[in-house]
file my_file-v8.cif (mmCIF, C-alpha atoms and all ligand atoms)
data_coords
loop_
_atom_site.label_atom_id
_atom_site.label_comp_id
_atom_site.auth_asym_id
_atom_site.auth_seq_id
_atom_site.Cartn_x
_atom_site.Cartn_y
_atom_site.Cartn_z
CA MET A 265 30.33 34.91 -37.93
CA GLU A 266 28.26 35.78 -40.99
CA ASN A 267 30.13 33.39 -43.25
CA ASN A 268 29.55 30.32 -41.15
CA ASN A 269 26.44 28.73 -42.59
CA THR A 270 26.26 25.27 -41.11
CA PRO A 271 22.52 25.03 -40.50
CA ILE A 272 21.35 25.20 -36.89
CA TYR A 273 18.04 23.48 -36.21
CA VAL A 274 15.76 24.02 -33.25
CA THR A 275 16.58 20.62 -31.80
CA LYS A 276 18.60 17.50 -32.32
CA PRO A 277 18.08 14.22 -30.46
CA TYR A 278 20.56 13.24 -27.77
CA LEU A 279 22.40 10.00 -28.54
CA PRO A 280 24.21 7.91 -25.93
CA GLU A 281 27.52 6.12 -26.47
CA LYS A 282 26.93 3.57 -29.21
CA GLU A 283 28.82 0.81 -27.36
CA LYS A 284 26.65 1.29 -24.35
CA PHE A 285 23.46 1.01 -26.40
CA ASN A 286 24.95 -2.01 -28.18
CA SER A 287 25.47 -3.86 -24.92
CA TYR A 288 21.72 -3.59 -24.30
CA ILE A 289 21.07 -4.72 -27.86
CA ASP A 290 23.27 -7.79 -27.26
CA PHE A 291 21.16 -8.53 -24.21
CA ILE A 292 17.96 -8.29 -26.30
CA TRP A 293 19.46 -10.62 -28.94
CA ASP A 294 20.46 -13.16 -26.31
CA SER A 295 17.09 -13.13 -24.58
CA CYS A 296 15.08 -12.92 -27.83
CA TYR A 297 12.47 -11.00 -25.85
CA LEU A 298 11.45 -7.88 -27.75
CA THR A 299 8.34 -6.45 -26.11
CA ASN A 300 5.53 -7.11 -23.57
CA GLN A 301 6.93 -6.06 -20.17
CA GLY A 302 10.43 -7.42 -20.73
CA THR A 303 13.43 -7.21 -18.45
CA LEU A 304 14.61 -3.85 -19.81
CA HIS A 305 11.10 -2.43 -19.67
CA ASN A 306 10.84 -3.41 -16.01
CA GLU A 307 14.29 -2.09 -15.18
CA PHE A 308 13.52 1.22 -16.89
CA GLN A 309 10.21 1.45 -15.03
CA ASP A 310 11.93 0.92 -11.67
CA ARG A 311 14.70 3.38 -12.39
CA LEU A 312 12.22 6.03 -13.48
CA LYS A 313 10.24 5.53 -10.30
CA GLY A 314 13.42 6.42 -8.45
CA TYR A 315 14.42 9.27 -10.71
CA LEU A 316 10.98 10.88 -10.68
CA ASP A 317 10.58 10.02 -7.00
CA VAL A 318 7.01 8.82 -7.44
CA GLY A 319 5.09 5.76 -6.25
CA ASN A 320 4.17 4.27 -9.62
CA ILE A 321 5.22 4.43 -13.25
CA THR A 322 3.41 2.88 -16.21
CA LEU A 323 5.48 2.97 -19.40
CA THR A 324 3.86 3.42 -22.79
CA VAL A 325 4.90 3.39 -26.44
CA ASN A 326 4.48 7.19 -26.61
CA GLY A 327 3.24 10.08 -24.53
CA HIS A 328 0.02 10.57 -26.43
CA LEU A 329 -1.29 7.07 -25.73
CA ALA A 330 -0.37 7.55 -22.07
CA LEU A 331 -2.69 10.57 -21.99
CA GLU A 332 -5.48 8.65 -23.70
CA SER A 333 -5.02 5.69 -21.37
CA ALA A 334 -5.25 7.92 -18.31
CA LEU A 335 -8.41 9.59 -19.59
CA ARG A 336 -9.89 6.20 -20.41
CA MET A 337 -9.07 4.91 -16.94
CA PHE A 338 -11.16 7.57 -15.21
CA ASP A 339 -14.12 6.35 -17.27
CA PHE A 340 -15.74 9.79 -17.48
CA GLU A 341 -19.24 10.00 -18.93
CA GLN A 342 -19.03 10.69 -22.68
CA GLY A 343 -19.42 14.38 -23.49
CA SER A 344 -18.07 15.52 -20.11
CA GLU A 345 -15.95 18.66 -20.06
CA VAL A 346 -12.24 18.88 -19.43
CA ILE A 347 -10.71 22.30 -18.77
CA THR A 348 -7.40 22.66 -20.59
CA THR A 349 -5.07 25.11 -22.30
CA PRO A 350 -5.10 26.02 -26.00
CA PHE A 351 -1.39 26.84 -25.79
CA THR A 352 0.01 23.35 -26.24
CA PHE A 353 0.89 20.64 -28.71
CA ALA A 354 -1.97 18.98 -30.67
CA SER A 355 -1.70 15.83 -28.58
CA THR A 356 -3.18 17.32 -25.40
CA THR A 357 -6.46 18.39 -26.96
CA HIS A 358 -6.71 15.46 -29.36
CA ALA A 359 -6.43 13.04 -26.40
CA ILE A 360 -9.46 14.71 -24.78
CA THR A 361 -11.48 14.72 -28.01
CA LEU A 362 -10.55 11.16 -29.00
CA SER A 363 -11.70 10.06 -25.54
CA GLY A 364 -15.21 11.33 -26.28
CA LEU A 365 -14.79 14.33 -23.98
CA LYS A 366 -15.09 18.04 -24.65
CA PRO A 367 -12.06 20.32 -24.30
CA VAL A 368 -12.93 23.64 -22.66
CA PHE A 369 -10.17 26.16 -23.26
CA CYS A 370 -8.92 28.36 -20.46
CA ASP A 371 -6.63 31.31 -21.16
CA ILE A 372 -2.99 31.37 -20.04
CA LYS A 373 -0.80 33.69 -17.99
CA GLU A 374 1.61 36.18 -19.55
CA SER A 375 4.23 35.39 -16.93
CA ASP A 376 4.98 31.79 -17.99
CA LEU A 377 2.29 30.84 -20.57
CA THR A 378 0.80 28.08 -18.38
CA ILE A 379 -2.95 27.87 -17.71
CA ASP A 380 -4.31 30.88 -15.79
CA GLU A 381 -5.49 29.35 -12.52
CA ASN A 382 -7.59 32.46 -11.83
CA LYS A 383 -9.72 31.78 -14.90
CA ILE A 384 -10.41 28.09 -14.28
CA GLU A 385 -13.31 28.37 -11.83
CA GLU A 386 -15.50 30.49 -14.09
CA LEU A 387 -15.36 27.68 -16.70
CA ILE A 388 -16.55 24.94 -14.35
CA THR A 389 -20.06 23.64 -15.11
CA ASP A 390 -21.99 20.62 -13.88
CA LYS A 391 -20.44 18.71 -16.79
CA THR A 392 -16.82 19.42 -15.78
CA VAL A 393 -14.96 16.31 -14.66
CA ALA A 394 -11.26 17.16 -14.91
CA ILE A 395 -8.57 19.77 -15.39
CA LEU A 396 -5.79 18.94 -17.87
CA PRO A 397 -3.11 21.63 -17.60
CA VAL A 398 0.25 21.55 -19.39
CA HIS A 399 3.63 22.39 -17.85
CA VAL A 400 4.44 24.17 -21.07
CA TYR A 401 8.19 24.36 -21.97
CA GLY A 402 8.73 22.66 -18.61
CA HIS A 403 7.40 25.69 -16.70
CA PRO A 404 5.39 24.25 -13.84
CA CYS A 405 1.75 25.35 -13.59
CA ASN A 406 0.59 26.82 -10.30
CA VAL A 407 0.14 23.31 -8.93
CA GLU A 408 -1.02 24.42 -5.48
CA ALA A 409 -3.81 26.69 -6.73
CA ILE A 410 -4.94 24.05 -9.21
CA GLU A 411 -5.02 21.41 -6.50
CA SER A 412 -7.22 23.54 -4.26
CA ILE A 413 -9.65 24.33 -7.10
CA ALA A 414 -9.86 20.63 -7.95
CA LYS A 415 -10.47 19.66 -4.33
CA LYS A 416 -13.17 22.28 -3.89
CA HIS A 417 -15.06 21.10 -7.00
CA GLY A 418 -14.26 17.38 -6.86
CA LEU A 419 -12.31 17.33 -10.14
CA ILE A 420 -9.51 15.06 -11.33
CA VAL A 421 -6.21 16.76 -12.23
CA LEU A 422 -4.26 15.14 -15.05
CA TYR A 423 -1.05 16.96 -15.95
CA ASP A 424 0.48 16.95 -19.39
CA ALA A 425 4.07 16.94 -18.12
CA ALA A 426 5.45 15.91 -21.52
CA GLN A 427 7.94 18.78 -21.39
CA ALA A 428 8.59 18.79 -17.65
CA PHE A 429 10.86 15.78 -17.08
CA ALA A 430 13.21 16.38 -14.13
CA VAL A 431 11.42 19.55 -12.98
CA LYS A 432 10.94 20.03 -9.24
CA VAL A 433 8.59 22.27 -7.31
CA ASN A 434 9.14 22.96 -3.59
CA GLY A 435 11.94 20.39 -3.68
CA LYS A 436 9.47 17.74 -4.86
CA SER A 437 9.42 16.03 -8.24
CA ILE A 438 6.72 17.47 -10.49
CA ALA A 439 5.41 13.89 -10.89
CA ASN A 440 3.89 14.14 -7.42
CA TYR A 441 1.36 16.83 -8.27
CA GLY A 442 -2.15 16.12 -9.50
CA ASP A 443 -3.81 12.70 -9.66
CA ILE A 444 -1.59 11.58 -12.51
CA SER A 445 1.04 13.05 -14.87
CA MET A 446 2.04 12.12 -18.39
CA PHE A 447 5.66 12.35 -19.57
CA SER A 448 6.79 12.05 -23.17
CA PHE A 449 10.08 10.43 -24.15
CA HIS A 450 9.92 11.39 -27.81
CA ALA A 451 13.29 11.82 -29.55
CA THR A 452 12.93 15.62 -29.50
CA LYS A 453 12.36 15.85 -25.75
CA LEU A 454 15.28 16.56 -23.40
CA PHE A 455 15.11 12.98 -22.19
CA HIS A 456 13.97 10.31 -24.64
CA SER A 457 13.55 6.63 -25.44
CA ILE A 458 13.27 7.17 -29.24
CA GLU A 459 9.48 7.23 -28.83
CA GLY A 460 7.98 6.58 -25.45
CA GLY A 461 5.98 7.86 -22.57
CA ALA A 462 5.02 7.26 -18.98
CA LEU A 463 2.24 7.85 -16.51
CA ALA A 464 3.42 8.78 -13.01
CA TYR A 465 1.06 8.54 -10.03
CA ASN A 466 0.95 7.74 -6.35
CA LYS A 467 -2.37 5.86 -6.26
CA SER A 468 -1.25 2.23 -6.68
CA GLU A 469 -4.79 1.16 -7.54
CA TYR A 470 -4.31 2.76 -10.99
CA ALA A 471 -1.47 0.38 -11.85
CA GLU A 472 -3.41 -2.76 -12.69
CA ILE A 473 -5.93 -1.05 -14.93
CA LEU A 474 -3.30 1.06 -16.74
CA ASN A 475 -1.16 -2.02 -17.36
CA ALA A 476 -4.21 -3.76 -18.78
CA TYR A 477 -5.15 -0.80 -21.01
CA LYS A 478 -1.80 -0.73 -22.70
CA ASN A 479 -2.17 -4.42 -23.58
CA PHE A 480 -5.70 -4.64 -25.06
CA GLY A 481 -7.32 -4.90 -21.62
CA ILE A 482 -5.97 -8.42 -21.24
CA MET A 483 -5.67 -9.45 -17.58
CA ASP A 484 -4.42 -13.01 -18.15
CA GLU A 485 -4.73 -15.78 -20.71
CA GLU A 486 -8.45 -16.24 -20.20
CA HIS A 487 -9.64 -12.84 -19.06
CA VAL A 488 -10.07 -9.62 -21.02
CA GLU A 489 -11.63 -7.20 -18.60
CA TYR A 490 -11.33 -3.87 -20.45
CA VAL A 491 -11.59 -2.49 -23.96
CA GLY A 492 -7.93 -1.56 -24.14
CA ARG A 493 -5.43 -0.39 -26.71
CA ASN A 494 -1.97 -1.50 -27.66
CA ALA A 495 0.34 1.07 -26.08
CA LYS A 496 3.21 -1.06 -24.83
CA MET A 497 6.80 0.16 -24.68
CA ASN A 498 9.21 -2.29 -26.32
CA GLU A 499 12.68 -3.41 -25.19
CA PHE A 500 14.59 -1.27 -27.72
CA GLN A 501 12.88 1.85 -26.42
CA ALA A 502 13.62 0.85 -22.83
CA ALA A 503 17.28 0.28 -23.77
CA MET A 504 17.54 3.82 -25.13
CA GLY A 505 15.77 5.19 -22.07
CA LEU A 506 18.13 3.36 -19.71
CA CYS A 507 21.19 4.67 -21.56
CA ASN A 508 19.94 8.25 -21.56
CA LEU A 509 18.84 8.24 -17.95
CA ASP A 510 22.49 7.83 -16.95
CA SER A 511 23.27 11.09 -18.76
CA MET A 512 20.58 13.24 -17.21
CA GLU A 513 22.91 15.22 -14.99
CA ASP A 514 25.13 16.03 -17.95
CA ILE A 515 22.16 16.93 -20.09
CA LEU A 516 20.75 19.35 -17.49
CA VAL A 517 24.09 21.06 -16.87
CA LYS A 518 24.65 21.59 -20.57
CA ARG A 519 21.19 22.98 -21.20
CA LYS A 520 21.47 25.38 -18.31
CA GLU A 521 24.77 26.67 -19.68
CA ILE A 522 23.18 27.23 -23.11
CA THR A 523 20.17 28.95 -21.57
CA LEU A 524 22.27 31.33 -19.49
CA ARG A 525 24.28 32.28 -22.58
CA TYR A 526 21.04 33.11 -24.43
CA ARG A 527 19.77 35.17 -21.49
CA GLU A 528 23.01 37.12 -21.34
CA HIS A 529 22.81 38.00 -25.05
CA LEU A 530 19.09 38.68 -25.30
CA LYS A 531 18.39 40.66 -22.15
CA GLY A 532 19.45 43.91 -23.79
CA ILE A 533 16.99 43.69 -26.68
CA PRO A 534 13.82 45.61 -25.76
CA GLU A 535 11.73 43.92 -28.47
CA VAL A 536 12.45 40.46 -27.08
CA ARG A 537 11.03 39.07 -23.86
CA MET A 538 12.52 35.94 -22.36
CA PHE A 539 9.98 34.65 -19.91
CA TYR A 540 10.99 32.30 -17.21
CA VAL A 541 10.09 32.06 -13.61
CA GLU A 542 12.90 33.01 -11.30
CA SER A 543 11.95 31.28 -8.10
CA ASP A 544 13.80 29.25 -5.51
CA LYS A 545 10.71 27.04 -5.38
CA ILE A 546 11.35 25.75 -8.89
CA GLU A 547 14.14 23.57 -10.25
CA TYR A 548 13.86 24.01 -13.99
CA ASN A 549 14.91 21.57 -16.73
CA TYR A 550 15.86 24.07 -19.50
CA ALA A 551 13.82 22.01 -21.94
CA TYR A 552 13.07 24.83 -24.41
CA LEU A 553 14.23 28.32 -25.24
CA PRO A 554 11.07 30.32 -25.98
CA ILE A 555 11.07 34.07 -26.56
CA LEU A 556 8.25 36.52 -27.17
CA VAL A 557 8.80 39.17 -29.83
CA ASN A 558 7.04 42.56 -29.54
CA THR A 559 4.78 42.18 -32.62
CA LYS A 560 3.54 39.41 -34.89
CA GLU A 561 5.02 41.21 -37.88
CA ASN A 562 8.47 41.21 -36.28
CA ARG A 563 8.05 37.58 -35.29
CA GLU A 564 7.34 36.57 -38.91
CA GLU A 565 10.19 38.69 -40.26
CA LEU A 566 12.66 37.46 -37.66
CA TYR A 567 11.71 33.84 -38.36
CA ASN A 568 12.41 34.36 -42.08
CA PHE A 569 15.54 36.43 -41.47
CA LEU A 570 17.03 33.67 -39.31
CA ALA A 571 16.12 31.03 -41.91
CA GLU A 572 17.95 33.09 -44.56
CA HIS A 573 20.99 32.70 -42.32
CA ASP A 574 20.50 28.94 -41.91
CA ILE A 575 19.03 29.16 -38.43
CA PHE A 576 15.77 27.26 -38.25
CA VAL A 577 13.64 28.25 -35.28
CA ARG A 578 10.02 27.25 -34.62
CA LYS A 579 6.75 29.06 -33.97
CA TYR A 580 5.95 26.80 -31.11
CA PHE A 581 2.90 26.97 -30.31
CA TYR A 582 1.36 28.65 -33.33
CA PRO A 583 -1.42 28.40 -34.24
CA ILE A 584 -2.99 27.84 -30.84
CA VAL A 585 -5.12 24.69 -30.72
CA SER A 586 -8.48 26.52 -30.71
CA ASP A 587 -7.51 27.95 -34.13
CA TYR A 588 -6.76 24.53 -35.72
CA GLU A 589 -8.97 23.68 -38.71
CA CYS A 590 -10.40 20.74 -36.78
CA TYR A 591 -11.40 22.86 -33.76
CA LYS A 592 -12.07 26.41 -34.91
CA GLU A 593 -15.67 25.75 -35.97
CA LEU A 594 -16.38 24.52 -32.47
CA TYR A 595 -14.57 27.28 -30.64
CA ASN A 596 -15.08 30.42 -32.68
CA GLU A 597 -16.78 32.15 -29.76
CA VAL A 598 -14.02 31.55 -27.25
CA LYS A 599 -11.95 34.53 -26.15
CA LEU A 600 -8.37 33.65 -25.31
CA PRO A 601 -6.48 36.94 -25.63
CA VAL A 602 -3.25 35.97 -23.88
CA ALA A 603 -2.96 32.61 -25.64
CA LYS A 604 -3.71 34.24 -28.98
CA LYS A 605 -1.15 37.02 -28.49
CA SER A 606 1.47 34.55 -27.27
CA GLY A 607 0.94 32.25 -30.24
CA ASP A 608 1.31 35.23 -32.56
CA THR A 609 4.59 36.43 -31.07
CA VAL A 610 6.41 33.35 -29.78
CA LEU A 611 9.54 31.78 -31.23
CA THR A 612 11.46 28.84 -29.81
CA LEU A 613 15.19 29.06 -30.38
CA PRO A 614 17.64 26.18 -30.89
CA ILE A 615 18.61 24.24 -27.79
CA TYR A 616 20.05 20.73 -27.66
CA HIS A 617 22.91 18.90 -25.99
CA GLU A 618 25.41 19.31 -28.79
CA LEU A 619 24.67 22.97 -29.47
CA SER A 620 27.86 24.90 -28.89
CA LEU A 621 28.01 28.25 -27.14
CA GLU A 622 29.47 29.63 -30.39
CA ASP A 623 26.27 28.54 -32.12
CA VAL A 624 24.26 30.34 -29.45
CA ASP A 625 26.38 33.43 -30.13
CA ARG A 626 25.62 33.09 -33.82
CA VAL A 627 21.85 32.80 -33.27
CA CYS A 628 21.89 35.84 -30.99
CA PHE A 629 24.11 37.81 -33.38
CA PHE A 630 21.43 37.54 -36.05
CA ILE A 631 18.59 38.32 -33.65
CA LYS A 632 20.41 41.50 -32.61
CA LYS A 633 21.19 42.29 -36.22
CA TYR A 634 17.52 42.00 -37.14
CA PHE A 635 16.44 44.42 -34.43
CA ASP A 636 19.29 46.84 -35.20
CA LYS A 637 17.98 47.34 -38.71
C1 LIG B 1 5.52 15.78 -27.01
C2 LIG B 1 4.24 16.20 -26.40
C3 LIG B 1 3.12 15.34 -26.32
C4 LIG B 1 3.04 14.02 -27.02
O1 LIG B 1 4.01 13.11 -26.68
P1 LIG B 1 4.43 11.96 -27.73
O2 LIG B 1 5.38 11.15 -26.93
O3 LIG B 1 5.05 12.61 -28.90
O4 LIG B 1 3.20 11.20 -28.08
C5 LIG B 1 2.00 15.79 -25.66
N1 LIG B 1 1.95 17.01 -25.10
C6 LIG B 1 2.98 17.86 -25.15
C7 LIG B 1 2.86 19.20 -24.50
C8 LIG B 1 4.15 17.49 -25.83
O5 LIG B 1 5.16 18.38 -25.91
#

call {"tool": "encode", "arguments": {"input": "my_file-v8.cif", "output": "structure tokens"}}
result
Amino acid sequence: MENNNTPIYVTKPYLPEKEKFNSYIDFIWDSCYLTNQGTLHNEFQDRLKGYLDVGNITLTVNGHLALESALRMFDFEQGSEVITTPFTFASTTHAITLSGLKPVFCDIKESDLTIDENKIEELITDKTVAILPVHVYGHPCNVEAIESIAKKHGLIVLYDAAQAFAVKVNGKSIANYGDISMFSFHATKLFHSIEGGALAYNKSEYAEILNAYKNFGIMDEEHVEYVGRNAKMNEFQAAMGLCNLDSMEDILVKRKEITLRYREHLKGIPEVRMFYVESDKIEYNYAYLPILVNTKENREELYNFLAEHDIFVRKYFYPIVSDYECYKELYNEVKLPVAKKSGDTVLTLPIYHELSLEDVDRVCFFIKKYFDK
């Protein structure tokens, strides 16, 4: 075990059969249609609507621009407040800020590291217009509690579901919760289209405006109704998405197997907490393999110890967003104890389709070895 030093990275993109992808590429060559709502784009959009079991899908070039487009669509007054989590990827908060809105950070829950629904209401002011929670690591937020808070206060709920593809709550696709959800199909996500993203929603009236936003606000040859961006998904991305969508069942089975192997190994280590919600209400996607280590010092040491043995894990999400250079001046008063502690002690372990169970054994061997010292 100790002599095997093929590096193991935290993730590795899934690749479909090359011949299968090539047949789509042949189609693109024959049609000579590369982008702007092409045949493959439309097919991918339809198939996703089915897969995510949602009324409408708008595809975008990446997840981040999907978030920005959604925020732009609601046309909130500049400077309005959006309640969100600091325990996320940069994109979530940057989308709010770049839309001229103010992120208001709410602390998270120790149980699953999603936004703490019990702390949302105290942050609502007369400037609050929306809640932007994140289904972090694919763990669904408390969607029912969030919905009732939003209803009571007349707020929009926009989910960052970038990591929650294929997750179900109460037997229903996660795409059906909130006013709108953003999915990311970046190469590192469990399902990808190289780069790519989608907005999923049931209010059909959003479709026209979102389609316009991703194409400069152009309605037709002579009418430009909105100040839009360029956020269109191209045919090559759609081809990759179509190929990978066929493999979803395989992908989910494999990831579950890997996750269960990790749980088996790690449950006996008192310094390590694997947090996941065991609930028959949730169908999980095994998107990530996060653990919490008992202290920050151990987290740092373990990270380095694993790297010395060619295992490259990530401190994902550290630092928390409110501690970024670009935000900390603005948020130095905010108290976010759970988010802070989680950022200081979290590690995400390798998980990807091709990761073998022997590799999982090797990662866990070194984690145990570190704590046995
Ligand atoms: C990946 C990710 C995004 C951004 O998606 P891109 O497709 O990379 O633009 C946003 N939020 C979260 C939580 C993510 O993990």

call {"tool": "residues_near_ligand", "arguments": {"input": "my_file-v8.cif", "ligand": "ligand LIG 1 (chain B)", "cutoff": "8 Å", "atoms": "all atoms listed in the file", "output": "list in words"}}
result
Val325, Asn326, Gly327, His328, Leu329, Ala330, Leu331, Thr352, Phe353, Ala354, Ser355, Thr356, Val398, His399, Val400, Tyr401, Asp424, Ala425, Ala426, Gln427, Phe447, Ser448, Phe449, His450, Thr452, Lys453, Glu459, Gly460 and Gly461 of chain A

call {"tool": "residues_around", "arguments": {"input": "my_file-v8.cif", "residues": "Lys373 of chain A", "least_positions_apart": "6", "cutoff": "8 Å", "atoms": "only C-alpha atoms", "output": "PDB file with C-alpha atoms, keeping the file's coordinate frame"}}
result
ATOM      1  CA  ILE A 379      -2.950  27.870 -17.710  1.00  0.00           C
ATOM      2  CA  ASP A 380      -4.310  30.880 -15.790  1.00  0.00           C
ATOM      3  CA  VAL A 602      -3.250  35.970 -23.880  1.00  0.00           C
TER       4      VAL A 602
END

call {"tool": "closest_residue", "arguments": {"input": "my_file-v8.cif", "among": "A:Thr612, A:Lys545, A:Gly532, A:Lys604", "to": "Tyr567 of chain A", "atoms": "all atoms listed in the file"}}
result
A:Thr612

call {"tool": "closest_residue", "arguments": {"input": "my_file-v8.cif", "among": "A:Met504, A:Val346, A:Ile420, A:Ala551", "to": "Thr361 of chain A", "atoms": "all atoms listed in the file"}}
result
A:Val346

call {"tool": "residues_around", "arguments": {"input": "my_file-v8.cif", "residues": "Asn596 of chain A", "least_positions_apart": "5", "cutoff": "9 Å", "atoms": "all atoms listed in the file", "output": "list of chain:residue names"}}
result
A:Ser586, A:Asp587, A:Tyr591

call {"tool": "residues_around", "arguments": {"input": "my_file-v8.cif", "residues": "segment 305-317 of chain A", "least_positions_apart": "5", "cutoff": "6 Å", "atoms": "only C-alpha atoms", "output": "list in words"}}
result
Ser437, Glu499, Ala502 and Leu506 of chain A

call {"tool": "closest_residue", "arguments": {"input": "my_file-v8.cif", "among": "A:His487, A:His417, A:Val433, A:His456", "to": "Thr389 of chain A", "atoms": "only C-alpha atoms"}}
result
A:His417

call {"tool": "residues_around", "arguments": {"input": "my_file-v8.cif", "residues": "Phe351 of chain A", "least_positions_apart": "5", "cutoff": "8 Å", "atoms": "all atoms listed in the file", "output": "ChimeraX atom specification"}}
result
/A:372,377-378,400,581,584-585,603,607

call {"tool": "closest_residue", "arguments": {"input": "my_file-v8.cif", "among": "A:Phe539, A:Tyr548, A:Phe480, A:Phe635", "to": "Ser606 of chain A", "atoms": "only C-alpha atoms"}}
result
A:Phe539

call {"tool": "residues_near_point", "arguments": {"input": "my_file-v8.cif", "point": "(9.9, 29.0, -29.4)", "cutoff": "9 Å", "atoms": "all atoms listed in the file", "output": "CSV table (one decimal) with C-alpha atoms, in the coordinates of the input"}}
result
chain,number,residue,atom,x,y,z
A,274,VAL,CA,15.8,24.0,-33.2
A,401,TYR,CA,8.2,24.4,-22.0
A,552,TYR,CA,13.1,24.8,-24.4
A,553,LEU,CA,14.2,28.3,-25.2
A,554,PRO,CA,11.1,30.3,-26.0
A,555,ILE,CA,11.1,34.1,-26.6
A,556,LEU,CA,8.2,36.5,-27.2
A,577,VAL,CA,13.6,28.2,-35.3
A,578,ARG,CA,10.0,27.2,-34.6
A,579,LYS,CA,6.8,29.1,-34.0
A,580,TYR,CA,6.0,26.8,-31.1
A,581,PHE,CA,2.9,27.0,-30.3
A,610,VAL,CA,6.4,33.4,-29.8
A,611,LEU,CA,9.5,31.8,-31.2
A,612,THR,CA,11.5,28.8,-29.8
A,613,LEU,CA,15.2,29.1,-30.4
A,614,PRO,CA,17.6,26.2,-30.9

call {"tool": "atom_distance", "arguments": {"input": "my_file-v8.cif", "atom1": "atom CA of Val598 of chain A", "atom2": "atom CA of Thr357 of chain A"}}
result
15.2 Å
